[in-house]
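First comes the structure, then the notes that go with it.
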Amino acid sequence: LATRTAPGNDVPTAKGSEVTLYISSGHQRESIPDLRGKSPKDAQKALEVLGFSEIKTQETESTMGLKGKVVRSNPRTGLSAPVNAPVILYIGTGPKEVTLPDLRGRKSDDARKTLDQLKLEMTTIAVDSDLPEGQVVSTSPEPGTSVEIGSIIQVQISRGNMFEVPNLRGKTLEEAQATLEAAGWETNTLNSTPRGVGLNSKDDGKVLSQTPSAGSKLRKDSAISVVVGRASLLPG
């Protein structure tokens, strides 16, 4: 568009005289500087120095390092824009977080699928446990923890090589052996030590004590010892 003439509009000119038209080149334009990593305040100052005045901000997900800082701009870095055009600064909110579910007791493949859906990475470590082989024993962090998307979750997977020792007291050696095997103990030698009891004692032939104690978690191939009563004239 013509912004002015020479001579001016109010200057009489003879017909056929030369008149100069001054054409507008539009608003001043400047290149958008690289604002990534700057604070909103510093980024705004950098734009204002160049003449930009319509500066807006908008939140967007980002890495933790760019939380509270400029992630990108629109127009993007290096583009030329009129100084009266709006410039949007996208400010990082940090990574999105998800709540870690309870995976205990689930199979390893099932746990991995669940973590994949949450965009979490899974690393495994085999541990001694009385849970069936291949099941999740625990996780680190613990269930219910808020974690960033992309975080690595350590999942402990059961070797299935342990069992809970049952109470053997009052049982015969044969009964004790059968009880252990039913609980998951792998067939092994049950070590027994006799201890004298009275001739008419109900403890004759029965387990008086055991090592390890009932309720202990033990490897399935571990040795177990019992003390068995034996009728004697000299009890104890």
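Identifiers in the structure tokens: chain A, B, ... in order shown; residue index from 1 per chain; ligand index from 1 in order shown.
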Would you please extract all strand (DSSP E or B) residues from segment 63-112 of chain A, as assigned by DSSP on the backbone, and give them as a ChimeraX atom specification?
/A:67,70-74,80-82,87-92,97-99,107
*Selection near Val207 of chain A, 7 Å with only C-alpha atoms, sequence-local residues under 3 positions removed, as an NGL selection string*: :A and (168-172 or 226-229)
Selection from above, N, CA, C and O atoms, as a PDB file, in the first residue's frame, can you write it?
```
ATOM      1  N   LEU A 168       5.892 -79.974  62.593  1.00  0.00           N
ATOM      2  CA  LEU A 168       6.076 -81.427  62.583  1.00  0.00           C
ATOM      3  C   LEU A 168       5.919 -82.042  63.972  1.00  0.00           C
ATOM      4  O   LEU A 168       5.915 -83.279  64.100  1.00  0.00           O
ATOM      5  N   ARG A 169       5.759 -81.209  64.961  1.00  0.00           N
ATOM      6  CA  ARG A 169       5.704 -81.735  66.333  1.00  0.00           C
ATOM      7  C   ARG A 169       4.498 -82.667  66.505  1.00  0.00           C
ATOM      8  O   ARG A 169       3.399 -82.407  66.039  1.00  0.00           O
ATOM      9  N   GLY A 170       4.761 -83.807  67.203  1.00  0.00           N
ATOM     10  CA  GLY A 170       3.709 -84.786  67.463  1.00  0.00           C
ATOM     11  C   GLY A 170       3.513 -85.787  66.350  1.00  0.00           C
ATOM     12  O   GLY A 170       2.658 -86.686  66.463  1.00  0.00           O
ATOM     13  N   LYS A 171       4.254 -85.667  65.257  1.00  0.00           N
ATOM     14  CA  LYS A 171       4.123 -86.592  64.147  1.00  0.00           C
ATOM     15  C   LYS A 171       5.210 -87.664  64.201  1.00  0.00           C
ATOM     16  O   LYS A 171       6.284 -87.441  64.754  1.00  0.00           O
ATOM     17  N   THR A 172       4.922 -88.823  63.607  1.00  0.00           N
ATOM     18  CA  THR A 172       5.957 -89.846  63.463  1.00  0.00           C
ATOM     19  C   THR A 172       6.902 -89.401  62.358  1.00  0.00           C
ATOM     20  O   THR A 172       6.600 -88.456  61.598  1.00  0.00           O
ATOM     21  N   VAL A 226      15.046 -83.215  63.037  1.00  0.00           N
ATOM     22  CA  VAL A 226      14.022 -83.343  64.077  1.00  0.00           C
ATOM     23  C   VAL A 226      14.587 -84.151  65.232  1.00  0.00           C
ATOM     24  O   VAL A 226      15.521 -84.943  65.073  1.00  0.00           O
ATOM     25  N   VAL A 227      14.021 -83.913  66.400  1.00  0.00           N
ATOM     26  CA  VAL A 227      14.333 -84.722  67.587  1.00  0.00           C
ATOM     27  C   VAL A 227      13.113 -85.594  67.846  1.00  0.00           C
ATOM     28  O   VAL A 227      11.990 -85.080  67.938  1.00  0.00           O
ATOM     29  N   VAL A 228      13.342 -86.911  67.947  1.00  0.00           N
ATOM     30  CA  VAL A 228      12.245 -87.867  68.078  1.00  0.00           C
ATOM     31  C   VAL A 228      12.327 -88.576  69.431  1.00  0.00           C
ATOM     32  O   VAL A 228      13.405 -89.027  69.860  1.00  0.00           O
ATOM     33  N   GLY A 229      11.176 -88.625  70.099  1.00  0.00           N
ATOM     34  CA  GLY A 229      11.144 -89.311  71.395  1.00  0.00           C
ATOM     35  C   GLY A 229      11.357 -90.809  71.256  1.00  0.00           C
ATOM     36  O   GLY A 229      10.878 -91.429  70.304  1.00  0.00           O
TER      37      GLY A 229
END
```
Of A:Leu115, A:Ala176, A:Ile125, A:Met64, the one nearest to Lys96 of chain A when counting only C-alpha atoms is A:Met64
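Residue nearest Glu97 of chain A, chosen from A:Thr123, A:Ser140, A:Ser222, A:Ser62 and counting only C-alpha atoms: A:Ser62.
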Determine, counting only C-alpha atoms, which protein, DNA and RNA residues have an atom within 12 Å of an atom of segment 29-40 of chain A; residues of the same chain fewer than 5 positions away are not included. Present the result as a VMD selection string.
chain A and resid 45 to 52 55 to 59 62 to 92
